[in-house]
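Listing of start.cif, mmCIF, C-alpha atoms
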data_start
loop_
_atom_site.label_atom_id
_atom_site.label_comp_id
_atom_site.auth_asym_id
_atom_site.auth_seq_id
_atom_site.Cartn_x
_atom_site.Cartn_y
_atom_site.Cartn_z
CA MET A 780 0.74 33.52 -9.74
CA PHE A 781 2.43 30.22 -10.52
CA LEU A 782 -0.90 28.53 -11.31
CA THR A 783 -1.96 31.40 -13.56
CA ARG A 784 1.25 31.03 -15.55
CA LEU A 785 0.87 27.24 -15.48
CA LEU A 786 -2.52 27.40 -17.18
CA SER A 787 -1.80 30.22 -19.57
CA VAL A 788 -2.24 29.58 -23.26
CA SER A 789 1.44 30.00 -23.93
CA THR A 790 2.33 27.41 -21.27
CA LEU A 791 -0.23 24.82 -22.32
CA SER A 792 0.63 25.25 -25.96
CA ARG A 793 4.05 23.79 -25.19
CA LEU A 794 2.60 20.67 -23.54
CA PRO A 795 2.49 18.40 -26.65
CA GLN A 796 6.06 17.35 -25.79
CA PHE A 797 4.48 15.37 -22.91
CA PRO A 798 2.09 12.42 -23.25
CA HIS A 799 -1.59 13.34 -23.15
CA ASN A 800 -2.13 11.69 -19.80
CA TYR A 801 0.08 14.35 -18.17
CA THR A 802 -2.11 17.06 -19.66
CA PHE A 803 -5.21 15.24 -18.45
CA ALA A 804 -3.84 15.10 -14.89
CA LEU A 805 -2.73 18.73 -14.87
CA ILE A 806 -6.11 20.38 -15.41
CA PRO A 807 -8.17 18.66 -12.66
CA LEU A 808 -5.40 19.34 -10.15
CA ALA A 809 -5.23 23.01 -10.96
CA ARG A 810 -8.95 23.75 -11.43
CA PRO A 811 -10.00 23.77 -7.72
CA PHE A 812 -7.72 26.75 -7.05
CA PHE A 813 -9.91 29.02 -9.18
CA PRO A 814 -13.33 30.43 -8.19
CA PRO A 815 -16.20 28.97 -10.26
CA SER A 816 -16.65 32.28 -12.08
CA SER A 817 -13.03 32.66 -13.10
CA PRO A 818 -12.04 31.53 -16.60
CA VAL A 819 -9.44 28.84 -17.15
CA TYR A 820 -7.91 29.25 -20.57
CA ILE A 821 -7.40 25.99 -22.37
CA PRO A 822 -6.27 25.74 -26.00
CA THR A 823 -8.95 24.36 -28.31
CA ARG A 824 -7.05 21.14 -28.92
CA TYR A 825 -7.22 20.31 -25.18
CA THR A 826 -10.90 21.03 -24.49
CA HIS A 827 -11.89 17.41 -25.11
CA ILE A 828 -9.54 16.40 -22.29
CA TYR A 829 -11.15 18.91 -19.93
CA ASN A 830 -14.63 17.66 -20.86
CA ARG A 831 -13.70 14.06 -20.14
CA ALA A 832 -12.41 15.05 -16.72
CA PHE A 833 -15.44 16.98 -15.48
CA ARG A 834 -18.60 15.82 -17.21
CA MET A 835 -20.02 13.05 -19.32
CA PRO A 836 -19.79 13.61 -23.07
CA SER A 837 -23.07 15.04 -24.35
CA SER A 838 -22.88 12.73 -27.35
CA SER A 839 -23.36 9.61 -25.19
CA PRO A 840 -26.06 10.21 -22.56
CA THR A 841 -26.64 7.53 -19.95
CA PRO A 842 -29.43 5.22 -21.13
CA LYS A 843 -32.31 4.89 -18.64
CA ASN A 844 -32.97 1.38 -17.38
CA LYS A 845 -35.25 -0.59 -15.11
CA VAL A 846 -32.97 -1.86 -12.34
CA LEU A 847 -33.71 -4.46 -9.68
CA VAL A 848 -31.33 -4.17 -6.71
CA LEU A 849 -31.26 -7.45 -4.81
CA GLY A 850 -30.37 -6.48 -1.26
CA SER A 851 -31.32 -3.53 0.93
CA GLY A 852 -28.21 -3.35 3.08
CA ASN A 853 -25.73 -0.51 3.35
CA PHE A 854 -24.13 -0.84 -0.09
CA GLY A 855 -27.22 -2.00 -1.96
CA SER A 856 -29.15 0.99 -0.61
CA CYS A 857 -26.50 3.54 -1.54
CA LEU A 858 -26.22 2.17 -5.08
CA ALA A 859 -30.01 2.17 -5.44
CA ASP A 860 -29.91 5.82 -4.34
CA HIS A 861 -27.23 6.65 -6.91
CA LEU A 862 -29.09 4.90 -9.72
CA GLY A 863 -32.43 6.43 -8.74
CA ASN A 864 -30.83 9.85 -8.72
CA SER A 865 -29.41 9.09 -12.18
CA GLU A 866 -33.00 8.80 -13.50
CA HIS A 867 -33.12 5.03 -13.72
CA GLU A 868 -36.31 3.33 -12.54
CA VAL A 869 -35.12 1.37 -9.49
CA PHE A 870 -36.69 -1.46 -7.48
CA MET A 871 -34.96 -2.55 -4.28
CA TRP A 872 -35.73 -6.03 -2.96
CA SER A 873 -35.68 -6.76 0.76
CA ARG A 874 -36.38 -10.00 2.62
CA GLU A 875 -38.08 -8.04 5.41
CA LYS A 876 -41.69 -6.97 4.93
CA SER A 877 -41.27 -4.19 7.50
CA VAL A 878 -38.39 -2.69 5.50
CA VAL A 879 -40.44 -2.73 2.29
CA GLU A 880 -43.43 -1.04 3.89
CA TYR A 881 -41.38 1.56 5.80
CA PHE A 882 -39.26 2.43 2.76
CA ASN A 883 -42.23 2.93 0.44
CA GLU A 884 -44.02 5.11 3.00
CA HIS A 885 -41.10 7.26 4.19
CA HIS A 886 -38.45 6.88 1.45
CA ARG A 887 -35.96 5.91 4.16
CA ASN A 888 -34.22 2.67 5.10
CA PRO A 889 -35.02 1.83 8.76
CA HIS A 890 -31.76 -0.08 9.25
CA TYR A 891 -29.10 1.56 7.07
CA LEU A 892 -28.31 5.17 6.14
CA LYS A 893 -31.22 6.06 8.39
CA ASP A 894 -30.92 9.84 8.05
CA HIS A 895 -30.93 9.78 4.26
CA CYS A 896 -34.09 10.45 2.24
CA PHE A 897 -34.06 8.33 -0.93
CA PRO A 898 -35.41 9.56 -4.29
CA LYS A 899 -38.99 8.71 -5.19
CA THR A 900 -37.74 6.89 -8.29
CA ILE A 901 -36.97 3.93 -5.99
CA CYS A 902 -39.66 1.44 -5.00
CA ALA A 903 -39.03 -1.32 -2.44
CA VAL A 904 -40.31 -4.82 -3.28
CA GLY A 905 -40.49 -8.04 -1.26
CA PRO A 906 -40.27 -9.96 0.95
CA ASP A 907 -40.96 -12.62 -1.69
CA LEU A 908 -38.53 -12.78 -4.58
CA PRO A 909 -40.07 -11.05 -7.63
CA ASP A 910 -41.72 -13.45 -10.08
CA ALA A 911 -40.64 -14.24 -13.63
CA ASP A 912 -42.90 -11.64 -15.25
CA PHE A 913 -41.39 -8.91 -13.07
CA VAL A 914 -37.78 -10.04 -13.55
CA LYS A 915 -38.15 -10.26 -17.33
CA LYS A 916 -39.12 -6.57 -17.45
CA MET A 917 -35.81 -5.59 -15.83
CA ASP A 918 -32.85 -4.34 -17.85
CA VAL A 919 -30.38 -4.76 -14.98
CA LEU A 920 -30.10 -7.03 -11.94
CA LEU A 921 -27.74 -5.71 -9.28
CA PHE A 922 -26.67 -8.23 -6.63
CA ALA A 923 -25.80 -6.66 -3.28
CA ILE A 924 -26.14 -9.50 -0.79
CA PRO A 925 -23.39 -11.30 1.19
CA THR A 926 -21.48 -13.89 -0.81
CA GLN A 927 -22.48 -16.70 1.54
CA GLY A 928 -26.13 -16.37 0.51
CA LEU A 929 -25.58 -15.82 -3.20
CA ARG A 930 -25.75 -19.45 -4.38
CA VAL A 931 -29.22 -19.98 -2.86
CA LEU A 932 -30.54 -16.71 -4.31
CA LEU A 933 -29.21 -17.42 -7.82
CA ALA A 934 -30.66 -20.93 -7.78
CA LYS A 935 -34.10 -19.45 -7.04
CA LEU A 936 -33.67 -16.68 -9.58
CA ARG A 937 -32.41 -18.78 -12.51
CA PRO A 938 -35.85 -20.10 -13.62
CA ARG A 939 -37.10 -16.50 -13.69
CA LEU A 940 -34.46 -15.33 -16.18
CA ASP A 941 -35.12 -15.09 -19.90
CA GLY A 942 -32.44 -17.39 -21.29
CA ALA A 943 -32.65 -15.88 -24.77
CA ASN A 944 -32.42 -12.29 -23.57
CA PRO A 945 -31.16 -12.12 -19.98
CA PRO A 946 -30.78 -8.77 -18.19
CA LEU A 947 -27.37 -7.30 -17.45
CA LEU A 948 -26.09 -8.89 -14.23
CA ILE A 949 -23.89 -6.76 -11.96
CA PHE A 950 -22.36 -8.16 -8.76
CA VAL A 951 -21.02 -5.94 -5.96
CA ASN A 952 -20.56 -8.56 -3.20
CA LYS A 953 -17.00 -9.19 -2.00
CA GLY A 954 -16.05 -12.53 -0.57
CA ILE A 955 -15.22 -16.21 -0.99
CA GLU A 956 -17.82 -18.93 -0.43
CA THR A 957 -16.60 -20.78 2.64
CA ASP A 958 -18.07 -24.24 1.89
CA THR A 959 -16.59 -24.45 -1.63
CA ASN A 960 -13.86 -21.74 -1.69
CA ALA A 961 -15.57 -20.52 -4.87
CA LEU A 962 -15.48 -17.00 -6.24
CA THR A 963 -18.74 -15.41 -7.36
CA LEU A 964 -17.93 -16.13 -11.02
CA GLU A 965 -17.89 -19.85 -10.27
CA ILE A 966 -21.09 -19.64 -8.21
CA ILE A 967 -22.80 -18.01 -11.20
CA ALA A 968 -21.54 -20.73 -13.53
CA ASP A 969 -22.78 -23.46 -11.16
CA THR A 970 -26.25 -21.97 -10.73
CA CYS A 971 -26.99 -20.08 -13.95
CA GLY A 972 -24.75 -21.72 -16.51
CA LYS A 973 -21.60 -20.74 -18.35
CA ASP A 974 -23.28 -18.41 -20.85
CA ILE A 975 -24.58 -16.10 -18.13
CA ALA A 976 -21.31 -16.32 -16.17
CA ARG A 977 -19.31 -15.23 -19.21
CA VAL A 978 -21.25 -11.96 -19.51
CA SER A 979 -21.69 -11.19 -15.80
CA THR A 980 -20.05 -8.01 -14.53
CA PHE A 981 -18.33 -7.14 -11.26
CA LEU A 982 -18.06 -3.74 -9.59
CA SER A 983 -15.47 -3.02 -6.92
CA GLY A 984 -13.38 -0.15 -5.62
CA PRO A 985 -12.99 2.39 -2.79
CA SER A 986 -16.63 3.27 -2.21
CA PHE A 987 -18.03 3.92 1.25
CA ALA A 988 -21.82 4.08 1.17
CA THR A 989 -22.05 7.22 3.32
CA GLU A 990 -19.90 9.14 0.83
CA ILE A 991 -21.71 7.86 -2.26
CA ILE A 992 -25.07 9.17 -1.00
CA ARG A 993 -23.43 12.57 -0.42
CA ARG A 994 -22.13 12.53 -4.00
CA GLN A 995 -18.50 12.62 -2.94
CA PRO A 996 -16.43 11.87 -6.06
CA THR A 997 -16.03 8.09 -6.22
CA MET A 998 -14.23 5.91 -8.75
CA VAL A 999 -14.63 2.15 -9.23
CA SER A 1000 -13.48 -0.73 -11.40
CA ILE A 1001 -15.97 -2.75 -13.46
CA ALA A 1002 -14.78 -5.99 -15.02
CA SER A 1003 -16.23 -8.81 -17.11
CA LEU A 1004 -15.00 -11.52 -19.43
CA SER A 1005 -17.13 -9.64 -21.97
CA GLU A 1006 -15.73 -6.15 -22.51
CA ASP A 1007 -19.03 -5.13 -24.12
CA HIS A 1008 -20.93 -6.00 -20.95
CA ALA A 1009 -18.36 -4.22 -18.77
CA GLU A 1010 -18.95 -1.07 -20.82
CA ARG A 1011 -22.72 -1.50 -20.56
CA ALA A 1012 -22.47 -1.79 -16.78
CA SER A 1013 -20.29 1.31 -16.67
CA LEU A 1014 -22.88 3.29 -18.62
CA VAL A 1015 -25.51 2.33 -16.05
CA PHE A 1016 -23.47 3.83 -13.20
CA HIS A 1017 -21.20 6.44 -14.74
CA GLN A 1018 -21.68 10.05 -13.61
CA PRO A 1019 -19.18 12.86 -12.94
CA TRP A 1020 -19.32 11.96 -9.23
CA PHE A 1021 -19.20 8.19 -9.87
CA ARG A 1022 -16.60 7.37 -12.49
CA CYS A 1023 -16.22 3.83 -13.83
CA TYR A 1024 -13.12 2.23 -15.33
CA THR A 1025 -13.51 -1.04 -17.25
CA GLY A 1026 -11.36 -4.15 -17.33
CA ASN A 1027 -11.43 -7.80 -18.40
CA ASP A 1028 -10.07 -9.52 -15.28
CA PRO A 1029 -13.07 -10.43 -13.10
CA ILE A 1030 -11.02 -13.01 -11.22
CA GLY A 1031 -8.52 -10.35 -10.15
CA ILE A 1032 -11.31 -7.91 -9.28
CA GLU A 1033 -13.02 -10.53 -7.14
CA LEU A 1034 -9.87 -11.63 -5.34
CA ALA A 1035 -8.79 -8.06 -4.64
CA GLY A 1036 -12.23 -7.12 -3.31
CA ALA A 1037 -12.37 -10.17 -1.06
CA LEU A 1038 -8.80 -10.22 0.23
CA LYS A 1039 -8.58 -6.54 1.15
CA ASN A 1040 -11.19 -7.16 3.87
CA VAL A 1041 -8.86 -9.66 5.56
CA TYR A 1042 -6.00 -7.16 5.55
CA ALA A 1043 -8.35 -4.48 6.88
CA ILE A 1044 -8.94 -6.72 9.91
CA ALA A 1045 -5.15 -6.92 10.35
CA ALA A 1046 -4.84 -3.13 10.10
CA GLY A 1047 -7.60 -2.71 12.70
CA MET A 1048 -5.84 -5.16 15.02
CA ALA A 1049 -2.64 -3.14 14.75
CA LYS A 1050 -4.48 0.05 15.70
CA GLY A 1051 -6.22 -1.71 18.56
CA LEU A 1052 -2.82 -2.84 19.87
CA GLY A 1053 -1.66 0.78 19.90
CA PHE A 1054 0.52 0.78 16.78
CA GLU A 1055 0.51 3.96 14.68
CA ASN A 1056 1.09 5.25 11.16
CA ASN A 1057 4.38 3.51 10.33
CA THR A 1058 2.80 0.17 11.15
CA ARG A 1059 -0.37 0.89 9.17
CA ALA A 1060 1.59 1.95 6.08
CA SER A 1061 3.74 -1.17 6.35
CA LEU A 1062 0.69 -3.41 6.74
CA ILE A 1063 -1.01 -1.91 3.70
CA THR A 1064 2.13 -2.32 1.59
CA ARG A 1065 2.86 -5.85 2.71
CA GLY A 1066 -0.83 -6.69 2.36
CA LEU A 1067 -0.75 -5.48 -1.25
CA SER A 1068 2.32 -7.61 -1.92
CA GLU A 1069 0.66 -10.65 -0.34
CA MET A 1070 -2.67 -10.29 -2.12
CA THR A 1071 -0.86 -9.82 -5.44
CA ARG A 1072 1.15 -12.98 -4.83
CA ILE A 1073 -2.01 -14.94 -4.03
CA GLY A 1074 -3.86 -13.46 -7.00
CA VAL A 1075 -1.10 -14.27 -9.49
CA ALA A 1076 -0.84 -17.83 -8.16
CA TYR A 1077 -4.61 -18.14 -8.65
CA GLY A 1078 -4.36 -16.84 -12.23
CA ALA A 1079 -5.21 -13.13 -12.00
CA ASN A 1080 -3.46 -10.29 -13.81
CA PRO A 1081 -0.94 -8.68 -11.38
CA LEU A 1082 -1.83 -5.23 -12.73
CA THR A 1083 -5.37 -5.63 -11.39
CA PHE A 1084 -4.01 -5.27 -7.87
CA LEU A 1085 -2.76 -1.78 -8.75
CA SER A 1086 -6.28 -0.74 -9.77
CA LEU A 1087 -9.08 1.00 -7.91
CA ALA A 1088 -10.41 -2.44 -6.95
CA GLY A 1089 -6.95 -3.41 -5.71
CA VAL A 1090 -4.72 -0.93 -3.94
CA GLY A 1091 -7.47 1.72 -3.99
CA ASP A 1092 -9.96 -0.34 -2.01
CA LEU A 1093 -7.19 -1.79 0.18
CA PHE A 1094 -5.98 1.65 1.21
CA LEU A 1095 -9.48 2.90 2.00
CA THR A 1096 -10.56 -0.15 3.99
CA CYS A 1097 -7.31 -0.34 5.97
CA SER A 1098 -7.21 3.34 6.92
CA SER A 1099 -10.73 4.25 7.99
CA SER A 1100 -12.43 3.60 11.33
CA THR A 1101 -15.80 3.51 9.51
CA SER A 1102 -14.78 0.27 7.74
CA ARG A 1103 -16.63 -2.69 9.27
CA ASN A 1104 -13.68 -5.05 8.81
CA TYR A 1105 -11.24 -2.53 10.26
CA THR A 1106 -13.61 -2.12 13.21
CA VAL A 1107 -13.67 -5.89 13.81
CA GLY A 1108 -9.87 -5.95 13.91
CA PHE A 1109 -9.66 -2.87 16.12
CA ARG A 1110 -12.01 -4.32 18.71
CA LEU A 1111 -10.17 -7.65 18.67
CA GLY A 1112 -6.92 -5.76 19.19
CA ARG A 1113 -8.48 -4.05 22.21
CA GLY A 1114 -9.21 -7.43 23.76
CA GLU A 1115 -12.86 -8.15 22.85
CA SER A 1116 -13.91 -11.62 21.76
CA LEU A 1117 -14.96 -12.28 18.18
CA GLU A 1118 -18.38 -13.43 19.38
CA GLU A 1119 -19.02 -10.16 21.17
CA VAL A 1120 -17.76 -8.07 18.24
CA LEU A 1121 -20.00 -9.79 15.69
CA LYS A 1122 -23.01 -9.70 18.01
CA THR A 1123 -22.85 -5.91 18.35
CA LEU A 1124 -21.40 -4.90 14.96
CA GLY A 1125 -24.81 -4.27 13.38
CA SER A 1126 -23.80 -5.29 9.84
CA VAL A 1127 -21.86 -7.97 7.98
CA ALA A 1128 -18.05 -7.88 7.95
CA GLU A 1129 -17.25 -10.20 5.05
CA GLY A 1130 -13.57 -10.34 5.95
CA VAL A 1131 -14.39 -12.70 8.81
CA THR A 1132 -15.85 -15.41 6.57
CA THR A 1133 -13.44 -14.61 3.74
CA ALA A 1134 -10.49 -15.38 6.03
CA LYS A 1135 -11.69 -18.98 6.25
CA GLY A 1136 -12.07 -19.41 2.47
CA LEU A 1137 -8.78 -17.62 1.87
CA LYS A 1138 -6.95 -19.97 4.24
CA ALA A 1139 -8.05 -22.96 2.16
CA ILE A 1140 -7.06 -21.22 -1.10
CA VAL A 1141 -3.63 -20.23 0.26
CA ASP A 1142 -2.96 -23.76 1.48
CA GLY A 1143 -3.99 -25.17 -1.90
CA LEU A 1144 -1.78 -22.74 -3.82
CA ASP A 1145 1.13 -23.25 -1.42
CA VAL A 1146 2.11 -19.56 -1.41
CA PRO A 1147 3.48 -17.60 1.57
CA ALA A 1148 0.72 -15.52 3.20
CA PRO A 1149 1.83 -14.71 6.75
CA LEU A 1150 -0.67 -11.86 7.28
CA ALA A 1151 -3.69 -13.80 6.04
CA ASN A 1152 -2.67 -16.84 8.07
CA ALA A 1153 -2.24 -14.74 11.20
CA VAL A 1154 -5.72 -13.23 10.84
CA TYR A 1155 -7.22 -16.69 10.33
CA GLU A 1156 -5.50 -18.04 13.46
CA VAL A 1157 -6.81 -15.19 15.60
CA LEU A 1158 -10.36 -15.54 14.24
CA TYR A 1159 -10.68 -19.33 14.17
CA GLU A 1160 -7.95 -20.86 16.32
CA GLY A 1161 -8.20 -18.60 19.34
CA ARG A 1162 -4.70 -17.14 19.06
CA ASP A 1163 -3.90 -14.07 21.12
CA VAL A 1164 -3.69 -10.94 18.95
CA ARG A 1165 -0.63 -9.42 20.62
CA GLU A 1166 1.25 -12.71 20.71
CA ARG A 1167 0.52 -13.41 17.03
CA ALA A 1168 1.59 -9.88 16.06
CA GLN A 1169 4.89 -10.35 17.88
CA GLU A 1170 5.51 -13.56 15.96
CA LEU A 1171 4.99 -11.70 12.69
CA LEU A 1172 7.52 -9.05 13.72
CA GLU A 1173 10.09 -11.71 14.64
CA ARG A 1174 9.95 -13.50 11.28
CA PRO A 1175 13.33 -13.81 9.52
CA MET A 1176 14.25 -11.39 6.74
CA VAL A 1177 12.77 -12.18 3.33
CA LYS A 1178 12.96 -10.78 -0.19
CA GLU A 1179 10.57 -7.84 -0.47
CA LEU A 1180 9.02 -8.46 -3.89
CA ASP A 1181 8.42 -11.85 -5.43
CA LEU A 1182 5.82 -13.66 -7.51
CA PRO A 1183 5.04 -17.38 -7.47
CA LYS A 1184 6.70 -19.61 -10.04
CA GLU A 1185 3.62 -21.81 -10.45
CA CYS A 1186 0.47 -19.88 -11.26
CA GLY A 1187 -2.94 -20.06 -12.83
CA GLY A 1188 -4.27 -23.49 -11.84
CA PRO A 1189 -7.58 -22.39 -10.27
CA ALA A 1190 -8.23 -19.82 -13.01
CA ARG A 1191 -7.60 -22.38 -15.73
CA ALA A 1192 -10.04 -24.80 -14.10
CA LEU A 1193 -12.67 -22.07 -13.83
CA MET A 1194 -12.20 -20.94 -17.43
CA LYS A 1195 -12.48 -24.54 -18.58
CA LYS A 1196 -15.83 -24.74 -16.79
CA LEU A 1197 -16.86 -21.65 -18.76
CA GLY A 1198 -15.66 -23.10 -22.06
CA ILE A 1199 -12.84 -20.57 -22.43
CA GLU A 1200 -9.23 -21.31 -23.33
CA TYR A 1201 -7.05 -19.56 -20.79
CA GLU A 1202 -3.31 -19.06 -20.87
CA ILE A 1203 -1.16 -17.29 -18.28
CA VAL A 1204 1.19 -14.81 -19.95
#
Whole structure, structure tokens version:
Amino acid sequence: MFLTRLLSVSTLSRLPQFPHNYTFALIPLARPFFPPSSPVYIPTRYTHIYNRAFRMPSSSPTPKNKVLVLGSGNFGSCLADHLGNSEHEVFMWSREKSVVEYFNEHHRNPHYLKDHCFPKTICAVGPDLPDADFVKKMDVLLFAIPTQGLRVLLAKLRPRLDGANPPLLIFVNKGIETDTNALTLEIIADTCGKDIARVSTFLSGPSFATEIIRRQPTMVSIASLSEDHAERASLVFHQPWFRCYTGNDPIGIELAGALKNVYAIAAGMAKGLGFENNTRASLITRGLSEMTRIGVAYGANPLTFLSLAGVGDLFLTCSSSTSRNYTVGFRLGRGESLEEVLKTLGSVAEGVTTAKGLKAIVDGLDVPAPLANAVYEVLYEGRDVRERAQELLERPMVKELDLPKECGGPARALMKKLGIEYEIV
């Protein structure tokens, strides 16, 4: 009865006293309580808000593109599936000849998402990297390989790109290059040049592959130094079940996506040690505070860490047993060795390598990062998980919220490499 009155014309007609975003939030929350056949009365002046919430505007249909997905792992496969189902023409590159042949014959990935049948709009290619003629026909290149292998791949791919009219580049990897401590944006600049780096786009957010292929509603952040290219990337992906929100802070998006994997390992360790919900909530909150502090010191926008790519992805990765990084931490907390965990994990947990790159960044920035340092010591210095956790709990009291006084050095250096003047506000 309350919901009926809430959505009545007379009630909604009084809503202009509130900002529009309250109206926007009200309708999606109330709609699931009504059967599909039942009418929901919305005044004419609010119908555009309802349309934005539940379906793409008919005036701006998604353009169809030729997309090359570089990587046939868990996330690359699920995004290829989403794009193929969105009527794009999709090619998925794999280094393994057996994967290419099996996929094209059965429309299934033999290693990942094995029970899922992929749309016939996807064709596997490989194991050789596609040649220049093939690459130049692509509208979009989607990079879904581990960060540690990205520099080599981009160096091979660069001569195949049309410098005058390059395709839209979208990166979904999350990590820090361990040898150089570089973010993906810097790797792109080093291998492909500043012009391509300035228009590259980055997708991140709470997005488990198994839920994407089942069309569970998913929302992600897409950022680029070029807002036009961020919007173009969003149009490639955007569907009612896969909503995209654009931004202009790729450094923040990258750092958030990389660092949350380290804190997911910490959350898994806590669970493996037998700690419960209070501890997990505390770890997530303190992890958010720590990653924001690191990000601001690096030169990122602090608001980025409150986005889908920030707290959204952090919450998901730290609270689900299906997260690979959480699983690594959980098994370490139960007493297994890192060598045994990685040998039997079956897929890449980028938080393990990211912890090493993050340690170097934290030391260089000289910012407090007790959680990240503890994870690094367990992974690479052989520290006992329970003993290190006890040390964290026995730390002296500190101020809950603080930001570094010195910030922006690494971001300024990176922007200078890209030929962009960069000031921290």
Residues returned when the PyMOL selection byres ((chain A and resi 1135) around 9) runs on this file, as a list in words = Ile955, Thr957, Asn960, Gly1130, Val1131, Thr1132, Thr1133, Ala1134, Gly1136, Leu1137, Lys1138, Ala1139, Ile1140, Tyr1155, Leu1158 and Tyr1159 of chain A
Mind checking which residues fall within 10 Å of A:Arg1103, counting all atoms listed in the file, ignoring those fewer than 6 positions away in the same chain, and posting them as a ChimeraX atom specification?
-> /A:1040,1043-1044,1047,1096,1109,1124-1130
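Between atom CA of A:Ile992 and atom CA of A:Asn888 there is a distance of 12.8 Å.
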Measure the distance from atom CA of A:Asp1145 to atom CA of A:Pro985 in Å and round it to one decimal.
->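 Separation between atom CA of A:Asp1145 and atom CA of A:Pro985: 29.3 Å.
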Looking at A:Leu847, A:Leu858, A:Leu936, A:Leu908, which one is nearest to A:His1017, with distances taken over all atoms listed in the file?
->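 For A:His1017, the nearest of the candidates is A:Leu858.
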Output stretch 1116-1121 of chain A with all heavy atoms present, as a compact mmCIF listing (two decimals), in the frame of the given file.
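Resulting contents of rebuild.txt:
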# COMPACT_ATOMS: atom_id res chain seq x y z
N SER A 1116 -13.80 -10.34 22.44
CA SER A 1116 -13.91 -11.62 21.76
C SER A 1116 -14.60 -11.44 20.42
O SER A 1116 -15.37 -10.49 20.22
CB SER A 1116 -14.72 -12.61 22.61
OG SER A 1116 -16.08 -12.22 22.66
N LEU A 1117 -14.33 -12.36 19.49
CA LEU A 1117 -14.96 -12.28 18.18
C LEU A 1117 -16.47 -12.40 18.30
O LEU A 1117 -17.22 -11.70 17.60
CB LEU A 1117 -14.41 -13.39 17.27
CG LEU A 1117 -15.00 -13.45 15.86
CD1 LEU A 1117 -14.73 -12.16 15.09
CD2 LEU A 1117 -14.45 -14.66 15.10
N GLU A 1118 -16.93 -13.26 19.19
CA GLU A 1118 -18.38 -13.43 19.38
C GLU A 1118 -19.05 -12.13 19.79
O GLU A 1118 -20.10 -11.77 19.25
CB GLU A 1118 -18.63 -14.51 20.43
CG GLU A 1118 -20.10 -14.80 20.67
CD GLU A 1118 -20.32 -15.86 21.75
OE1 GLU A 1118 -19.33 -16.29 22.38
OE2 GLU A 1118 -21.49 -16.23 21.96
N GLU A 1119 -18.44 -11.42 20.72
CA GLU A 1119 -19.02 -10.16 21.17
C GLU A 1119 -18.98 -9.10 20.07
O GLU A 1119 -19.93 -8.33 19.88
CB GLU A 1119 -18.26 -9.65 22.40
CG GLU A 1119 -18.74 -8.31 22.94
CD GLU A 1119 -20.17 -8.34 23.45
OE1 GLU A 1119 -20.68 -9.44 23.75
OE2 GLU A 1119 -20.79 -7.27 23.53
N VAL A 1120 -17.89 -9.05 19.33
CA VAL A 1120 -17.76 -8.07 18.24
C VAL A 1120 -18.86 -8.28 17.20
O VAL A 1120 -19.56 -7.33 16.80
CB VAL A 1120 -16.37 -8.16 17.59
CG1 VAL A 1120 -16.32 -7.28 16.33
CG2 VAL A 1120 -15.29 -7.72 18.56
N LEU A 1121 -19.03 -9.51 16.74
CA LEU A 1121 -20.00 -9.79 15.69
C LEU A 1121 -21.43 -9.58 16.18
O LEU A 1121 -22.31 -9.17 15.42
CB LEU A 1121 -19.83 -11.22 15.17
CG LEU A 1121 -18.48 -11.52 14.50
CD1 LEU A 1121 -18.45 -12.96 14.00
CD2 LEU A 1121 -18.21 -10.56 13.34
